>>> print(open('start-v8.cif').read())   # mmCIF, C-alpha atoms
data_coords
#
loop_
_atom_site.label_atom_id
_atom_site.label_comp_id
_atom_site.auth_asym_id
_atom_site.auth_seq_id
_atom_site.Cartn_x
_atom_site.Cartn_y
_atom_site.Cartn_z
CA GLU A 1 -12.83 11.98 8.47
CA VAL A 2 -9.87 11.51 6.18
CA GLN A 3 -10.73 11.48 2.49
CA LEU A 4 -8.39 10.84 -0.42
CA LEU A 5 -9.85 11.20 -3.90
CA GLU A 6 -7.74 10.24 -6.91
CA SER A 7 -8.41 11.36 -10.46
CA GLY A 8 -6.67 11.56 -13.81
CA GLY A 9 -6.56 7.93 -14.83
CA ASP A 10 -7.26 7.24 -18.49
CA LEU A 11 -6.52 5.10 -21.52
CA VAL A 12 -3.21 6.24 -22.99
CA GLN A 13 -0.98 4.97 -25.78
CA PRO A 14 2.47 3.53 -25.08
CA GLY A 15 4.95 6.36 -24.70
CA GLY A 16 2.26 8.73 -23.52
CA SER A 17 1.93 10.75 -20.31
CA LEU A 18 -0.63 11.45 -17.62
CA ARG A 19 -0.86 13.45 -14.44
CA LEU A 20 -2.69 11.80 -11.58
CA SER A 21 -4.11 13.85 -8.72
CA CYS A 22 -5.14 13.00 -5.17
CA ALA A 23 -7.26 15.55 -3.33
CA ALA A 24 -6.96 15.20 0.42
CA SER A 25 -9.21 16.40 3.23
CA GLY A 26 -9.88 15.73 6.89
CA PHE A 27 -6.30 16.07 8.15
CA THR A 28 -3.38 18.50 8.13
CA PHE A 29 -2.03 17.53 4.72
CA SER A 30 1.35 19.22 5.04
CA SER A 31 2.17 17.23 8.18
CA TYR A 32 2.13 13.85 6.47
CA ALA A 33 4.32 12.12 3.96
CA MET A 34 2.34 10.55 1.16
CA SER A 35 2.83 7.78 -1.35
CA TRP A 36 1.47 6.30 -4.54
CA VAL A 37 0.94 2.54 -4.69
CA ARG A 38 -0.24 0.71 -7.78
CA GLN A 39 -1.87 -2.63 -8.48
CA ALA A 40 -1.84 -4.24 -11.90
CA PRO A 41 -4.97 -6.24 -12.80
CA GLY A 42 -5.06 -9.43 -10.75
CA LYS A 43 -1.65 -8.72 -9.20
CA GLY A 44 -0.24 -7.53 -5.90
CA LEU A 45 0.62 -4.11 -4.53
CA GLU A 46 3.66 -2.14 -5.74
CA TRP A 47 4.90 1.07 -4.12
CA VAL A 48 5.85 3.59 -6.82
CA SER A 49 6.67 6.85 -5.06
CA GLY A 50 6.88 8.71 -1.77
CA ILE A 51 7.17 12.35 -0.78
CA THR A 52 7.78 14.04 2.55
CA GLY A 53 5.27 16.46 4.06
CA SER A 54 7.19 19.52 2.92
CA GLY A 55 7.71 18.06 -0.53
CA GLY A 56 11.44 18.47 -0.15
CA THR A 57 12.37 14.81 -0.52
CA THR A 58 11.04 12.21 -2.91
CA TYR A 59 11.60 8.48 -3.26
CA TYR A 60 11.11 6.01 -6.12
CA PRO A 61 11.83 2.37 -6.91
CA ASP A 62 14.13 1.72 -9.85
CA SER A 63 11.19 0.45 -11.93
CA VAL A 64 9.81 3.98 -12.34
CA LYS A 65 12.74 6.26 -11.53
CA GLY A 66 13.23 8.82 -14.28
CA ARG A 67 9.71 8.30 -15.66
CA PHE A 68 7.49 9.11 -12.67
CA THR A 69 7.57 12.34 -10.65
CA VAL A 70 5.69 12.84 -7.41
CA SER A 71 4.86 16.32 -6.15
CA ARG A 72 2.44 18.06 -3.86
CA ASP A 73 0.73 21.41 -3.41
CA ASN A 74 0.15 21.83 0.30
CA SER A 75 -1.88 25.00 -0.28
CA LYS A 76 -4.37 22.87 -2.22
CA SER A 77 -3.98 19.68 -0.13
CA THR A 78 -3.30 17.80 -3.32
CA LEU A 79 -0.79 15.12 -4.25
CA TYR A 80 0.30 14.55 -7.85
CA LEU A 81 2.00 11.85 -9.87
CA GLN A 82 3.32 12.73 -13.31
CA VAL A 83 3.77 9.54 -15.29
CA ASN A 84 5.76 9.69 -18.53
CA SER A 85 6.99 7.24 -21.15
CA LEU A 86 4.19 4.88 -20.21
CA ARG A 87 4.51 1.17 -20.96
CA ALA A 88 1.96 -1.62 -21.06
CA GLU A 89 3.29 -2.87 -17.72
CA ASP A 90 2.30 0.44 -16.09
CA THR A 91 -1.35 -0.52 -16.54
CA ALA A 92 -2.77 -0.57 -13.02
CA VAL A 93 -5.02 1.03 -10.46
CA TYR A 94 -3.03 3.81 -8.79
CA TYR A 95 -3.79 4.52 -5.14
CA CYS A 96 -2.63 7.46 -3.06
CA ALA A 97 -1.93 6.59 0.55
CA LYS A 98 -1.36 8.63 3.70
CA LEU A 99 1.32 7.71 6.18
CA TYR A 100 0.12 6.62 9.63
CA SER A 101 2.74 8.73 11.41
CA THR A 102 3.83 12.34 10.99
CA SER A 103 7.40 11.45 11.86
CA SER A 104 8.24 8.03 10.43
CA TRP A 105 7.60 5.87 7.38
CA GLY A 106 7.75 2.81 9.63
CA PRO A 107 4.14 2.19 10.67
CA GLY A 108 2.74 2.07 7.15
CA PHE A 109 -0.27 3.68 5.49
CA ASP A 110 -3.50 4.15 7.41
CA ASP A 111 -5.66 5.79 4.77
CA TRP A 112 -6.02 5.04 1.08
CA GLY A 113 -7.99 6.53 -1.77
CA GLN A 114 -10.32 4.49 -3.96
CA GLY A 115 -7.82 4.41 -6.83
CA THR A 116 -7.71 5.62 -10.42
CA LEU A 117 -7.19 3.29 -13.38
CA VAL A 118 -4.42 3.87 -15.87
CA THR A 119 -4.57 1.72 -18.99
CA VAL A 120 -1.66 1.77 -21.43
CA SER A 121 -2.61 0.31 -24.77
CA SER A 122 -2.54 1.12 -28.46
CA ASP B 1 16.00 -3.93 -2.20
CA ILE B 2 14.38 -5.87 0.62
CA GLN B 3 12.32 -8.79 -0.65
CA MET B 4 9.21 -9.76 1.28
CA THR B 5 8.08 -13.37 0.95
CA GLN B 6 4.63 -14.36 2.15
CA SER B 7 3.40 -17.87 2.73
CA PRO B 8 1.16 -19.51 1.91
CA SER B 9 0.04 -17.74 -1.26
CA SER B 10 -3.46 -19.02 -0.62
CA VAL B 11 -5.29 -20.86 2.13
CA SER B 12 -8.76 -22.33 2.41
CA ALA B 13 -10.38 -22.17 5.79
CA SER B 14 -13.73 -22.37 7.54
CA VAL B 15 -15.49 -19.85 9.72
CA GLY B 16 -14.11 -20.20 13.22
CA ASP B 17 -10.70 -21.51 12.09
CA ARG B 18 -7.44 -20.03 13.28
CA VAL B 19 -5.41 -18.79 10.33
CA THR B 20 -1.72 -17.92 10.35
CA ILE B 21 0.12 -16.09 7.57
CA THR B 22 3.87 -15.62 7.58
CA CYS B 23 6.05 -12.94 6.03
CA ARG B 24 9.82 -13.18 5.74
CA ALA B 25 12.11 -10.27 4.91
CA SER B 26 15.34 -10.81 2.98
CA GLN B 27 17.17 -8.79 5.62
CA GLY B 28 16.38 -7.48 9.08
CA ILE B 29 13.75 -4.75 9.25
CA GLY B 30 13.35 -4.39 12.99
CA SER B 31 9.62 -3.99 13.66
CA TRP B 32 8.88 -1.87 10.61
CA LEU B 33 6.23 -4.15 9.19
CA ALA B 34 2.59 -3.51 8.39
CA TRP B 35 -0.24 -5.87 7.46
CA TYR B 36 -3.11 -4.94 5.16
CA GLN B 37 -6.39 -6.58 4.18
CA GLN B 38 -7.79 -6.08 0.70
CA LYS B 39 -11.16 -7.13 -0.63
CA PRO B 40 -11.94 -7.30 -4.38
CA GLY B 41 -12.34 -3.88 -5.96
CA LYS B 42 -11.44 -2.08 -2.73
CA ALA B 43 -8.40 -0.25 -1.42
CA PRO B 44 -6.15 -1.96 1.13
CA LYS B 45 -6.97 -1.50 4.80
CA LEU B 46 -4.33 -1.24 7.51
CA LEU B 47 -4.71 -3.98 10.13
CA ILE B 48 -1.41 -4.07 12.00
CA TYR B 49 1.44 -1.55 12.16
CA SER B 50 4.90 -1.76 13.66
CA ALA B 51 4.63 -5.56 13.50
CA SER B 52 2.27 -6.02 16.43
CA SER B 53 0.17 -2.88 17.02
CA LEU B 54 -3.51 -3.23 16.21
CA GLN B 55 -4.90 -0.38 14.13
CA SER B 56 -7.83 1.44 15.69
CA GLY B 57 -11.16 -0.16 14.84
CA VAL B 58 -9.68 -3.49 13.78
CA PRO B 59 -11.17 -6.50 15.60
CA SER B 60 -9.01 -8.07 18.29
CA ARG B 61 -9.07 -11.47 16.55
CA PHE B 62 -6.31 -10.03 14.35
CA SER B 63 -2.83 -10.06 15.84
CA GLY B 64 0.71 -9.62 14.60
CA SER B 65 4.05 -10.75 15.91
CA GLY B 66 7.70 -10.96 14.99
CA SER B 67 10.76 -8.81 14.50
CA GLY B 68 13.90 -8.86 12.42
CA THR B 69 13.13 -11.07 9.43
CA ASP B 70 10.19 -13.27 10.45
CA PHE B 71 6.67 -12.04 11.04
CA THR B 72 3.23 -13.55 11.52
CA LEU B 73 -0.35 -12.39 11.09
CA THR B 74 -2.89 -14.47 12.97
CA ILE B 75 -6.66 -14.40 12.65
CA GLY B 76 -7.85 -15.97 15.88
CA SER B 77 -11.32 -17.09 14.75
CA LEU B 78 -12.06 -16.53 11.09
CA GLN B 79 -15.26 -14.60 10.38
CA PRO B 80 -17.17 -14.38 7.07
CA GLU B 81 -15.96 -10.82 6.50
CA ASP B 82 -12.31 -11.92 6.80
CA PHE B 83 -12.22 -13.70 3.45
CA ALA B 84 -9.84 -11.44 1.56
CA THR B 85 -6.23 -11.05 0.45
CA TYR B 86 -3.62 -10.05 2.99
CA TYR B 87 -0.34 -8.24 2.30
CA CYS B 88 2.69 -7.46 4.41
CA GLN B 89 4.82 -4.36 3.76
CA GLN B 90 8.22 -3.33 5.05
CA ALA B 91 9.08 0.29 5.78
CA ASP B 92 12.59 -0.10 7.11
CA SER B 93 14.23 1.20 3.94
CA PHE B 94 13.45 2.49 0.48
CA PRO B 95 12.14 1.22 -1.82
CA LEU B 96 9.19 0.21 0.30
CA THR B 97 8.15 -3.30 -0.66
CA PHE B 98 5.13 -5.53 -0.27
CA GLY B 99 4.79 -9.26 0.00
CA GLY B 100 3.07 -11.11 -2.82
CA GLY B 101 -0.17 -11.55 -0.89
CA THR B 102 -2.08 -14.39 0.74
CA LYS B 103 -5.62 -15.10 -0.38
CA VAL B 104 -7.84 -16.47 2.37
CA GLY B 105 -10.70 -18.38 0.78
CA ILE B 106 -13.67 -20.38 1.95
CA LYS B 107 -13.16 -24.10 2.43
#
>>> encode(input="start-v8.cif", output="structure tokens")
Amino acid sequence: EVQLLESGGDLVQPGGSLRLSCAASGFTFSSYAMSWVRQAPGKGLEWVSGITGSGGTTYYPDSVKGRFTVSRDNSKSTLYLQVNSLRAEDTAVYYCAKLYSTSSWGPGFDDWGQGTLVTVSS
Amino acid sequence: DIQMTQSPSSVSASVGDRVTITCRASQGIGSWLAWYQQKPGKAPKLLIYSASSLQSGVPSRFSGSGSGTDFTLTIGSLQPEDFATYYCQQADSFPLTFGGGTKVGIK
């Protein structure tokens, strides 16, 4: 059974930083690209990063590029998201998500963690 | 960026009703579209991938169709557990983008 367990969410002041983690089990972690998707309170889903199985290529939307960094440690089956220069609008539940396919981003995400809450407020 | 527009944003329906949700992409995305169901306080759940393929374990009353820019999610006979919010997502190009969501409520 696939399990994805996020941690690291917290209350942080504007301009602060956090590192989110997602511990994976139940599948060959290094074979799958992974992503982070966030959801602000009462709002829809927003994709905020993606990383290939090897970790060699990363992707970001413009809204977080330069502030967020996704990485992975395949030896520990763990995905990370370093979030810097946090703003109030970054307040959200952050989910890690596993790609359905080992070879394409096309089919979407078939497994999701339970999410970790990041609150940016003074 | 590819914009994904869902309609309606909300719908009220009764158990047993047929419900149709549409998703339109701002440019062609082939069949690289997924549909998710999300219940309050829970993570999204994949229902349909590659526009029309039913994810394992998902009831057959859910179906997806379309290609290019216009896509549809249909719930054939609405069940009590189907009251939730539904999102489409394109994976044709980065950045990956989601539709704004459609909330299916009880009439």
>>> interface_residues(input="start-v8.cif", of="chain B", to="chain A", cutoff="8 Å", atoms="all atoms listed in the file", output="list of chain:residue names")
B:Trp32, B:Leu33, B:Ala34, B:Lys42, B:Ala43, B:Pro44, B:Lys45, B:Leu46, B:Tyr49, B:Ser50, B:Gln89, B:Gln90, B:Ala91, B:Asp92, B:Phe94, B:Pro95, B:Leu96, B:Thr97, B:Phe98, B:Gly99, B:Gly100, B:Gly101
>>> residues_near_point(input="start-v8.cif", point="(11.0, -9.6, 10.6)", cutoff="6 Å", atoms="all atoms listed in the file", output="list of chain:residue names")
B:Ala25, B:Gly28, B:Ile29, B:Gly66, B:Ser67, B:Gly68, B:Thr69, B:Asp70, B:Phe71
>>> atom_distance(input="start-v8.cif", atom1="atom CA of Thr78 of chain A", atom2="atom CA of Gln38 of chain B")
24.6 Å
>>> atom_distance(input="start-v8.cif", atom1="atom CA of Arg38 of chain A", atom2="atom CA of Asp90 of chain A")
8.7 Å
>>> resolve_selection(input="start-v8.cif", expression="the PyMOL selection byres ((chain B and resi 3-16) around 10)", output="MDAnalysis selection string")
chainID B and resid 1:2 17:27 69:72 75:83 85:90 96:107
>>> write_last_selection(input="start-v8.cif", atoms="C-alpha atoms", output="short mmCIF file (atom, residue, chain, number, x, y, z; two decimals), in the frame of the given file")
data_model
loop_
_atom_site.label_atom_id
_atom_site.label_comp_id
_atom_site.auth_asym_id
_atom_site.auth_seq_id
_atom_site.Cartn_x
_atom_site.Cartn_y
_atom_site.Cartn_z
CA ASP B 1 16.00 -3.93 -2.20
CA ILE B 2 14.38 -5.87 0.62
CA ASP B 17 -10.70 -21.51 12.09
CA ARG B 18 -7.44 -20.03 13.28
CA VAL B 19 -5.41 -18.79 10.33
CA THR B 20 -1.72 -17.92 10.35
CA ILE B 21 0.12 -16.09 7.57
CA THR B 22 3.87 -15.62 7.58
CA CYS B 23 6.05 -12.94 6.03
CA ARG B 24 9.82 -13.18 5.74
CA ALA B 25 12.11 -10.27 4.91
CA SER B 26 15.34 -10.81 2.98
CA GLN B 27 17.17 -8.79 5.62
CA THR B 69 13.13 -11.07 9.43
CA ASP B 70 10.19 -13.27 10.45
CA PHE B 71 6.67 -12.04 11.04
CA THR B 72 3.23 -13.55 11.52
CA ILE B 75 -6.66 -14.40 12.65
CA GLY B 76 -7.85 -15.97 15.88
CA SER B 77 -11.32 -17.09 14.75
CA LEU B 78 -12.06 -16.53 11.09
CA GLN B 79 -15.26 -14.60 10.38
CA PRO B 80 -17.17 -14.38 7.07
CA GLU B 81 -15.96 -10.82 6.50
CA ASP B 82 -12.31 -11.92 6.80
CA PHE B 83 -12.22 -13.70 3.45
CA THR B 85 -6.23 -11.05 0.45
CA TYR B 86 -3.62 -10.05 2.99
CA TYR B 87 -0.34 -8.24 2.30
CA CYS B 88 2.69 -7.46 4.41
CA GLN B 89 4.82 -4.36 3.76
CA GLN B 90 8.22 -3.33 5.05
CA LEU B 96 9.19 0.21 0.30
CA THR B 97 8.15 -3.30 -0.66
CA PHE B 98 5.13 -5.53 -0.27
CA GLY B 99 4.79 -9.26 0.00
CA GLY B 100 3.07 -11.11 -2.82
CA GLY B 101 -0.17 -11.55 -0.89
CA THR B 102 -2.08 -14.39 0.74
CA LYS B 103 -5.62 -15.10 -0.38
CA VAL B 104 -7.84 -16.47 2.37
CA GLY B 105 -10.70 -18.38 0.78
CA ILE B 106 -13.67 -20.38 1.95
CA LYS B 107 -13.16 -24.10 2.43
#
>>> resolve_selection(input="start-v8.cif", expression="the PyMOL selection byres ((chain A and resi 86) around 12)", output="PyMOL selection string")
chain A and resi 10-19+63-64+66-68+82-85+87-92+118-122
>>> atom_distance(input="start-v8.cif", atom1="atom CA of Leu73 of chain B", atom2="atom CA of Ile48 of chain B")
8.4 Å
>>> residues_near_point(input="start-v8.cif", point="(-2.0, -9.3, 14.7)", cutoff="7 Å", atoms="all atoms listed in the file", output="number ranges by chain")
B: 48, 52, 54, 62-65, 73-74
>>> residues_around(input="start-v8.cif", residues="Ala23 of chain A", least_positions_apart="3", cutoff="8 Å", atoms="all atoms listed in the file", output="list in words")
Gln3, Leu4, Leu5, Glu6, Lys76, Ser77, Thr78 and Leu79 of chain A
>>> residues_around(input="start-v8.cif", residues="Leu20 of chain A", least_positions_apart="3", cutoff="6 Å", atoms="all atoms listed in the file", output="list in words")
Ser7, Gly8, Tyr80 and Leu81 of chain A
>>> decode(input="start-v8.cif", residues="segment 48-67 of chain B", atoms="N, CA, C and O atoms", output="PDB file, in the first residue's frame")
ATOM      1  N   ILE B  48     -10.437   9.764 -12.867  1.00  0.00           N
ATOM      2  CA  ILE B  48     -10.266   9.536 -14.296  1.00  0.00           C
ATOM      3  C   ILE B  48      -8.899  10.062 -14.697  1.00  0.00           C
ATOM      4  O   ILE B  48      -8.505  11.164 -14.295  1.00  0.00           O
ATOM      5  N   TYR B  49      -8.167   9.288 -15.510  1.00  0.00           N
ATOM      6  CA  TYR B  49      -6.901   9.757 -16.046  1.00  0.00           C
ATOM      7  C   TYR B  49      -6.908   9.616 -17.568  1.00  0.00           C
ATOM      8  O   TYR B  49      -7.710   8.864 -18.116  1.00  0.00           O
ATOM      9  N   SER B  50      -6.043  10.366 -18.191  1.00  0.00           N
ATOM     10  CA  SER B  50      -5.982  10.374 -19.662  1.00  0.00           C
ATOM     11  C   SER B  50      -7.361  10.576 -20.270  1.00  0.00           C
ATOM     12  O   SER B  50      -7.736   9.914 -21.244  1.00  0.00           O
ATOM     13  N   ALA B  51      -8.112  11.481 -19.681  1.00  0.00           N
ATOM     14  CA  ALA B  51      -9.423  11.953 -20.152  1.00  0.00           C
ATOM     15  C   ALA B  51     -10.573  10.974 -19.985  1.00  0.00           C
ATOM     16  O   ALA B  51     -11.696  11.380 -19.678  1.00  0.00           O
ATOM     17  N   SER B  52     -10.309   9.672 -20.185  1.00  0.00           N
ATOM     18  CA  SER B  52     -11.444   8.738 -20.203  1.00  0.00           C
ATOM     19  C   SER B  52     -11.169   7.402 -19.529  1.00  0.00           C
ATOM     20  O   SER B  52     -12.034   6.524 -19.544  1.00  0.00           O
ATOM     21  N   SER B  53      -9.997   7.229 -18.926  1.00  0.00           N
ATOM     22  CA  SER B  53      -9.658   5.955 -18.284  1.00  0.00           C
ATOM     23  C   SER B  53     -10.045   5.990 -16.815  1.00  0.00           C
ATOM     24  O   SER B  53      -9.643   6.899 -16.082  1.00  0.00           O
ATOM     25  N   LEU B  54     -10.810   4.991 -16.411  1.00  0.00           N
ATOM     26  CA  LEU B  54     -11.303   4.932 -15.032  1.00  0.00           C
ATOM     27  C   LEU B  54     -10.209   4.387 -14.123  1.00  0.00           C
ATOM     28  O   LEU B  54      -9.666   3.303 -14.369  1.00  0.00           O
ATOM     29  N   GLN B  55      -9.892   5.120 -13.068  1.00  0.00           N
ATOM     30  CA  GLN B  55      -8.903   4.661 -12.113  1.00  0.00           C
ATOM     31  C   GLN B  55      -9.404   3.404 -11.402  1.00  0.00           C
ATOM     32  O   GLN B  55     -10.604   3.257 -11.119  1.00  0.00           O
ATOM     33  N   SER B  56      -8.494   2.510 -11.108  1.00  0.00           N
ATOM     34  CA  SER B  56      -8.837   1.275 -10.413  1.00  0.00           C
ATOM     35  C   SER B  56      -9.578   1.565  -9.110  1.00  0.00           C
ATOM     36  O   SER B  56      -9.176   2.433  -8.329  1.00  0.00           O
ATOM     37  N   GLY B  57     -10.675   0.837  -8.897  1.00  0.00           N
ATOM     38  CA  GLY B  57     -11.439   0.969  -7.673  1.00  0.00           C
ATOM     39  C   GLY B  57     -12.509   2.041  -7.703  1.00  0.00           C
ATOM     40  O   GLY B  57     -13.321   2.134  -6.777  1.00  0.00           O
ATOM     41  N   VAL B  58     -12.538   2.825  -8.760  1.00  0.00           N
ATOM     42  CA  VAL B  58     -13.545   3.892  -8.870  1.00  0.00           C
ATOM     43  C   VAL B  58     -14.816   3.304  -9.494  1.00  0.00           C
ATOM     44  O   VAL B  58     -14.738   2.591 -10.502  1.00  0.00           O
ATOM     45  N   PRO B  59     -15.971   3.599  -8.933  1.00  0.00           N
ATOM     46  CA  PRO B  59     -17.221   3.020  -9.457  1.00  0.00           C
ATOM     47  C   PRO B  59     -17.471   3.393 -10.918  1.00  0.00           C
ATOM     48  O   PRO B  59     -17.130   4.490 -11.362  1.00  0.00           O
ATOM     49  N   SER B  60     -18.089   2.474 -11.634  1.00  0.00           N
ATOM     50  CA  SER B  60     -18.300   2.660 -13.073  1.00  0.00           C
ATOM     51  C   SER B  60     -19.329   3.733 -13.394  1.00  0.00           C
ATOM     52  O   SER B  60     -19.499   4.080 -14.571  1.00  0.00           O
ATOM     53  N   ARG B  61     -20.023   4.275 -12.405  1.00  0.00           N
ATOM     54  CA  ARG B  61     -20.959   5.379 -12.688  1.00  0.00           C
ATOM     55  C   ARG B  61     -20.205   6.665 -13.062  1.00  0.00           C
ATOM     56  O   ARG B  61     -20.804   7.596 -13.582  1.00  0.00           O
ATOM     57  N   PHE B  62     -18.897   6.693 -12.778  1.00  0.00           N
ATOM     58  CA  PHE B  62     -18.067   7.820 -13.188  1.00  0.00           C
ATOM     59  C   PHE B  62     -17.497   7.533 -14.584  1.00  0.00           C
ATOM     60  O   PHE B  62     -16.997   6.437 -14.843  1.00  0.00           O
ATOM     61  N   SER B  63     -17.577   8.532 -15.453  1.00  0.00           N
ATOM     62  CA  SER B  63     -16.985   8.383 -16.770  1.00  0.00           C
ATOM     63  C   SER B  63     -16.458   9.732 -17.246  1.00  0.00           C
ATOM     64  O   SER B  63     -16.964  10.789 -16.842  1.00  0.00           O
ATOM     65  N   GLY B  64     -15.449   9.678 -18.100  1.00  0.00           N
ATOM     66  CA  GLY B  64     -14.866  10.882 -18.658  1.00  0.00           C
ATOM     67  C   GLY B  64     -14.788  10.792 -20.168  1.00  0.00           C
ATOM     68  O   GLY B  64     -14.668   9.700 -20.719  1.00  0.00           O
ATOM     69  N   SER B  65     -14.879  11.947 -20.804  1.00  0.00           N
ATOM     70  CA  SER B  65     -14.778  11.974 -22.257  1.00  0.00           C
ATOM     71  C   SER B  65     -14.163  13.293 -22.694  1.00  0.00           C
ATOM     72  O   SER B  65     -14.039  14.240 -21.903  1.00  0.00           O
ATOM     73  N   GLY B  66     -13.787  13.329 -23.972  1.00  0.00           N
ATOM     74  CA  GLY B  66     -13.259  14.548 -24.555  1.00  0.00           C
ATOM     75  C   GLY B  66     -11.812  14.429 -24.970  1.00  0.00           C
ATOM     76  O   GLY B  66     -11.109  13.483 -24.594  1.00  0.00           O
ATOM     77  N   SER B  67     -11.383  15.401 -25.756  1.00  0.00           N
ATOM     78  CA  SER B  67      -9.990  15.525 -26.156  1.00  0.00           C
ATOM     79  C   SER B  67      -9.806  16.921 -26.743  1.00  0.00           C
ATOM     80  O   SER B  67     -10.780  17.586 -27.118  1.00  0.00           O
TER      81      SER B  67
END
